[in-house]
Amino acid sequence: MSVNFEKDNDGIVTLTLDMPGRSMNVLNDELSQPLAEAIGRIEGDASIKGVIVTSGKKEFLAGADIEKVFAITDPADAFKLAEDYKGFLRRLELCGRPVVAALNGTALGGGLELALACHYRIAIDDPKAQFGLPEVKLGLLPGGGGTQRLPRLIGIQPSLPLMLEGKELKASDAKNAGIIHALARDREDLLAQAKAWCLANPKPVQPWDDKKFKWPGGDAKAPANGQLWAIAPSMANAKTYGNYPAPINIMASVFDGGITDFDTGCRSESRYFANCVVSQVSKNMIGTLWFQLNAINKGSSRPEGVERSTVKKLGILGAGMMGAGIAYSSAKVGIEVVLLDTTQEAADRGKAYSSGLLDKDLKKGRLTPEGKDQFLARIKATTSYDDLKGCDLVIEAVFEDRAIKADVTRKAEAQLARTAVFASNTSTLPITGLAEASERPKNFIGLHFFSPVDKMPLVEIIVGKKTSKETLARGFDYVQQIKKTPIVVNDSRGFYTSRCFATYPMEGMTLLAEGQHPRSIEMAGLQAGMPVGPLAVQDEVSLSLSLHVLEQTRKDFAAEGKTAPEHPGVAVVEKMVKVLDRQGKKAGKGFYDYPAGGQKSLWKGLAEQFPLKEQLPQQELIDRLLYAQANEAAKCYEEGVVTAVGDTNIGSIFGWGFAPHQGGALQFINAVGVAQFVKRSKELEKRYGERFKPAKLLVKMAKEGRRFE
Amino acid sequence: MSEAFIYDAVRTPRGKGKKDGSLHGVTPIHLVGNLLTALQQRNNLDTSKVDDVVLGCVTPVGEQGADIARVAVLYANWAESVAGVTQSRFCASGLESVNIAAQKVMSGMEDLVVAGGVESMSRWAMGSDGGAWAMDPRVNHLTGFAPQGIGADLIATLEGFSRRDVDTFAVQSQQKAAKARAEGRFARSLVPVRDLNGMVVLDHDEFIRPEATVEGMAGLKPSFEQMGAMGFDATALRKYTTVEKIDHVHHAGNSSGIVDGAALMLVGSKKIGKKLGLRPRARIVQTAVIGSEPTIMLTGIGPASKKALARAGMNAGNIDLFEINEAFAAVVLRAQRDLDIDPAKVNVNGGSIAMGHPLGATGCAILGTLLDELERQDKQFGLASLCVGAGMGIATIIERL
């Protein structure tokens, strides 16, 4: 049984959630049916004096069965799911006996909602346990009464951010927020406190069922909340550009429930829940950010049959921005790091980067001075290749120049064991070519980090022609060891992320050259769901770097006797750098001006250099920016640069910020519909050029009625 | 002068105006939004051709407040060139909207106007918008304020309507409404309320109690006796000097019900109808409003109807069917007497006692019901009338085409 029912001599029943064959409890029929039966038993047995709800697992209950929610396409089914769950939670809190949630571990989503339907909540004070309503992160809203009980418990204003941001709190913070009543030391203390409370409070009533109930901070009609309602949607949309239905539905549910009564509010909540469940956005987010991400984290792209490995000692060549960041992220998980540069000063500067980040944690009280010292002691800043002895892995992060890279590769390999892995953090140079400098190309791999390394969650693993399965597995394991998400791609120009990403600023610059208003272009990027507008992001990458890459590409093509395909955006890059001397953010001038200490603003001179012509509808701009990226991703998939749909989607979101609400570059095509994507692409091709010609694979898929699975 | 035609009429079902009512969880603007969408779809309407949306709302506070008509236009995603205005003529607001729309069109100043009203009485209790009449002691004193129920009981006392008379009237209202509902007589106008997912929230008038009996009602306590005894009766009796004592005959069963609902009508000129390919269902013949003695408050139906008839060159005998708002049983009984009309022509499908009275919407809703019934019975002229707060009356005459 998933729910154990035990009654002691004092008439206190302990309901222990303990689903067989699972490491965690999950809210599905297998759990909810026995729970409902147990509630029925309690209702019918007057000798029961109190109820304790706890879990037999490490965690209490981490939420609903996402697979089930994901499968729902009819809002009536989602509505019923929410109504049914709330129905028995309501019976539990109205059973006339004290019900205590004894939270032995994490309670999230439906798990916390179960706890909120109990009269009293005690949690073990374990800093790893988390409490919250994170549904919004998957495009959903708390449909188990969360939007009704939490605001009635702690007030509308404090509850909204918890649900809108999906914040997860530690037990002590949840207690301070008024969500949990008491803390316990351990399981024994937890159950003892729970029983004591039951015996001391034979007839508890939930605040919202008390006739004298007053909303903390006022109900939804209260003038104090009027200003909140007026600005809250603007605040949410300022970040989301209106692309996410869940935050607005959460607000509406709280608002409605704050005007009506508890039960009506619960029913409204089910309607908003249903709306989120069947929304394309939640399907996109769950499909990619839940199922595909989980599969990646479980090693779906890792070669089978290779024993798991860990890196104990890591060498990093080049202590610049990237090297310093890799050092930090690796030392953070306890890896011994050798950070090497040509001068001690440069190496020290790289180490100081970690020191600076740690100081921030110190200030916030997340770290002790001893902790900082221990952390820094793991990083050795040096100029000596001898120090690389004993490294399991060396990552080079030196300047993007083949000769320099070949030189450091040889010097490092001279110090390494035959089994050590050598990785290049190149973002542009083909790995197979770089591996030619290596004496053991089987052990040579690309580990493409993103800047800033300490914040960016992705590492693109590039497999060269000669890279072995073992080397790939070890690279994969290392990326997971430093708690980042690995995607695996095959060697090709620009790999996957850089190649697809480039289409975004390029399309933005093309629009500029065509005479579209620069602000409309930037806004189109943001409205599309990208974190930064295409011109701003080009400034950050730097126009001169892009020009450098372009020229390198031309040379490479010329060497093969071919001509590099030219994007119409290239002319803008050349004009900006060569004619206008505006190289980007680092130079203080690009498409934007960057006044010292001030906010950037679009360069006034753009009006003269790129005169406005007839303005396209905004949706046309948005489509062009998204279609350009998605079509490139489809081409990468078609060419085998990427081989897994999950890697392609996750890589697009985590790597270059492709609109998360679209679920990634390939899921965007699914959501539009492959046939419709092909049709629209052909329109765009006709109007704007060859680059929109849909990938052959898509045309084929459209014909066969297939989608990316 | 131009003529004004009714091209379509829609209404929501009326939901019980309490916490357990089906429409309690539906925002008032959503009720209107549903109907705007229905009007648009049913008539394949190019909304940019609509000049204005005139809505009645008697308690315009909270999310029902400000100018809900204009915001509903935006909420329903109609052309942003469509204006919206919200007005209150108390209980007559819904019919006032139609009359304003007719006047806009007949004056030739506008071509196409949506008229109607909305009231979520479960979410925003009657009276929560305050008002000088009841709240300001000097105004209250100078004008002789008393609640409507006192006036209704005073009418019954003056006219000699017994408790059994008013209860019998109420039971008939229930029976007529139940029959009409069962026969689908409301089907043409009734648009089910759907939630944001398109799921049906309510598709029938849920307030009707077909099982009501005079005997069953006998047990209900008079609603206004206690407040009358506290002083309101005395205020009324100072004006009605021949009355010794008010007979408090009204209660929850023979007064209009508290419900949630909305109603809309599409009113326009002949020309715009032709242009948009719409078929006119009725011509608005005449409208009228009057003021009457405010303390008894509810005697305006007779005078307003007579004014409208006189201006139209008609008399009550020319009217085939009447819709007289059942604010209270005695109000309709008195109006029938004032107009000397056959009760068989009045409220043939029941009224607000059975179905409820969503204040801002009722006037428009009963005119729609009247039109549907004229069509069903193949009759020509109809008159809708309501008594109005602070002593007013309103009437509208239509001719079915």
# chains A, B, ... in the order shown; residues from 1 in each chain; ligands from 1
$ interface_residues --of "chain A" --to "chain B" --cutoff "7 Å" --atoms "only C-alpha atoms" --output "list in words"
Pro75, Lys221, Asp256, Ile259, Thr260, Asp261, Thr264, Gly265, Ser268 and Asn275 of chain A
$ write_last_selection --atoms "C-alpha atoms" --output "short mmCIF file (atom, residue, chain, number, x, y, z; two decimals), in the first residue's frame"
data_model
loop_
_atom_site.label_atom_id
_atom_site.label_comp_id
_atom_site.auth_asym_id
_atom_site.auth_seq_id
_atom_site.Cartn_x
_atom_site.Cartn_y
_atom_site.Cartn_z
CA PRO A 75 -9.31 21.16 -20.04
CA LYS A 221 -11.22 43.97 -2.39
CA ASP A 256 -10.93 35.70 -7.66
CA ILE A 259 -13.34 38.29 -3.78
CA THR A 260 -15.39 35.16 -3.41
CA ASP A 261 -15.26 32.50 -0.70
CA THR A 264 -15.68 29.16 -4.97
CA GLY A 265 -12.04 30.27 -5.06
CA SER A 268 -11.91 29.10 -9.97
CA ASN A 275 -6.06 26.67 -18.66
#
$ residues_around --residues "Met523 (chain A)" --least-positions-apart "6" --cutoff "12 Å" --atoms "only C-alpha atoms" --output "list of chain:residue names"
A:Ala238, A:Tyr241, A:Gly508, A:Gln516, A:His517, A:Gly529, A:Met530, A:Pro531, A:Val532, A:Gly533, A:Pro534, A:Leu535, A:Ala536, A:Gln618, A:Gln619, A:Leu621, A:Ile622, A:Leu625
$ write_last_selection --atoms "N, CA and C atoms" --output "PDB file, in the first residue's frame"
ATOM      1  N   ALA A 238       6.852  42.695 -17.457  1.00  0.00           N
ATOM      2  CA  ALA A 238       8.090  43.416 -17.744  1.00  0.00           C
ATOM      3  C   ALA A 238       9.229  42.424 -17.928  1.00  0.00           C
ATOM      4  N   TYR A 241       7.419  39.524 -21.000  1.00  0.00           N
ATOM      5  CA  TYR A 241       6.867  40.042 -22.265  1.00  0.00           C
ATOM      6  C   TYR A 241       5.535  39.374 -22.610  1.00  0.00           C
ATOM      7  N   GLY A 508      18.968  40.115 -36.891  1.00  0.00           N
ATOM      8  CA  GLY A 508      18.714  41.455 -36.338  1.00  0.00           C
ATOM      9  C   GLY A 508      19.421  42.521 -37.165  1.00  0.00           C
ATOM     10  N   GLN A 516      14.546  48.668 -40.807  1.00  0.00           N
ATOM     11  CA  GLN A 516      13.610  48.540 -39.689  1.00  0.00           C
ATOM     12  C   GLN A 516      14.143  49.336 -38.498  1.00  0.00           C
ATOM     13  N   HIS A 517      13.216  49.842 -37.691  1.00  0.00           N
ATOM     14  CA  HIS A 517      13.622  50.676 -36.550  1.00  0.00           C
ATOM     15  C   HIS A 517      14.430  49.827 -35.572  1.00  0.00           C
ATOM     16  N   GLY A 529      10.978  36.194 -26.806  1.00  0.00           N
ATOM     17  CA  GLY A 529      11.336  35.410 -25.639  1.00  0.00           C
ATOM     18  C   GLY A 529      12.833  35.287 -25.419  1.00  0.00           C
ATOM     19  N   MET A 530      13.604  36.008 -26.248  1.00  0.00           N
ATOM     20  CA  MET A 530      15.055  35.984 -26.073  1.00  0.00           C
ATOM     21  C   MET A 530      15.421  36.906 -24.898  1.00  0.00           C
ATOM     22  N   PRO A 531      16.495  36.576 -24.170  1.00  0.00           N
ATOM     23  CA  PRO A 531      16.818  37.394 -22.996  1.00  0.00           C
ATOM     24  C   PRO A 531      17.356  38.781 -23.347  1.00  0.00           C
ATOM     25  N   VAL A 532      17.948  38.925 -24.504  1.00  0.00           N
ATOM     26  CA  VAL A 532      18.567  40.189 -24.910  1.00  0.00           C
ATOM     27  C   VAL A 532      18.241  40.406 -26.394  1.00  0.00           C
ATOM     28  N   GLY A 533      18.082  41.664 -26.776  1.00  0.00           N
ATOM     29  CA  GLY A 533      17.816  41.962 -28.180  1.00  0.00           C
ATOM     30  C   GLY A 533      19.000  41.580 -29.057  1.00  0.00           C
ATOM     31  N   PRO A 534      18.783  41.374 -30.356  1.00  0.00           N
ATOM     32  CA  PRO A 534      19.857  40.885 -31.228  1.00  0.00           C
ATOM     33  C   PRO A 534      21.006  41.882 -31.398  1.00  0.00           C
ATOM     34  N   LEU A 535      20.701  43.161 -31.400  1.00  0.00           N
ATOM     35  CA  LEU A 535      21.782  44.137 -31.568  1.00  0.00           C
ATOM     36  C   LEU A 535      22.593  44.254 -30.284  1.00  0.00           C
ATOM     37  N   ALA A 536      21.892  44.248 -29.154  1.00  0.00           N
ATOM     38  CA  ALA A 536      22.588  44.329 -27.865  1.00  0.00           C
ATOM     39  C   ALA A 536      23.483  43.118 -27.677  1.00  0.00           C
ATOM     40  N   GLN A 618       5.206  44.019 -36.476  1.00  0.00           N
ATOM     41  CA  GLN A 618       6.098  43.527 -35.426  1.00  0.00           C
ATOM     42  C   GLN A 618       6.190  41.997 -35.426  1.00  0.00           C
ATOM     43  N   GLN A 619       5.066  41.349 -35.726  1.00  0.00           N
ATOM     44  CA  GLN A 619       5.076  39.886 -35.718  1.00  0.00           C
ATOM     45  C   GLN A 619       6.024  39.337 -36.787  1.00  0.00           C
ATOM     46  N   LEU A 621       8.837  40.655 -37.654  1.00  0.00           N
ATOM     47  CA  LEU A 621      10.182  40.722 -37.065  1.00  0.00           C
ATOM     48  C   LEU A 621      10.405  39.552 -36.110  1.00  0.00           C
ATOM     49  N   ILE A 622       9.408  39.337 -35.258  1.00  0.00           N
ATOM     50  CA  ILE A 622       9.508  38.250 -34.270  1.00  0.00           C
ATOM     51  C   ILE A 622       9.695  36.912 -34.990  1.00  0.00           C
ATOM     52  N   LEU A 625      13.185  36.416 -36.497  1.00  0.00           N
ATOM     53  CA  LEU A 625      14.227  36.112 -35.514  1.00  0.00           C
ATOM     54  C   LEU A 625      14.121  34.671 -35.027  1.00  0.00           C
TER      55      LEU A 625
END
$ closest_residue --among "B:Ala344, B:Leu264, B:Ala316, B:Val259" --to "Ala69 (chain B)" --atoms "only C-alpha atoms"
B:Leu264
$ select_by_dssp --residues "region 123-337 of chain B" --states "strand (DSSP E or B)" --output "PyMOL selection string"
chain B and resi 190+193-194+200-202+255+259-268+282-291+321-324+328
$ residues_around --residues "Asp247 (chain B)" --least-positions-apart "4" --cutoff "9 Å" --atoms "only C-alpha atoms" --output "list in words"
Asp153, Leu154, Ala156, Thr157, Ser162, Arg163 and Glu225 of chain B
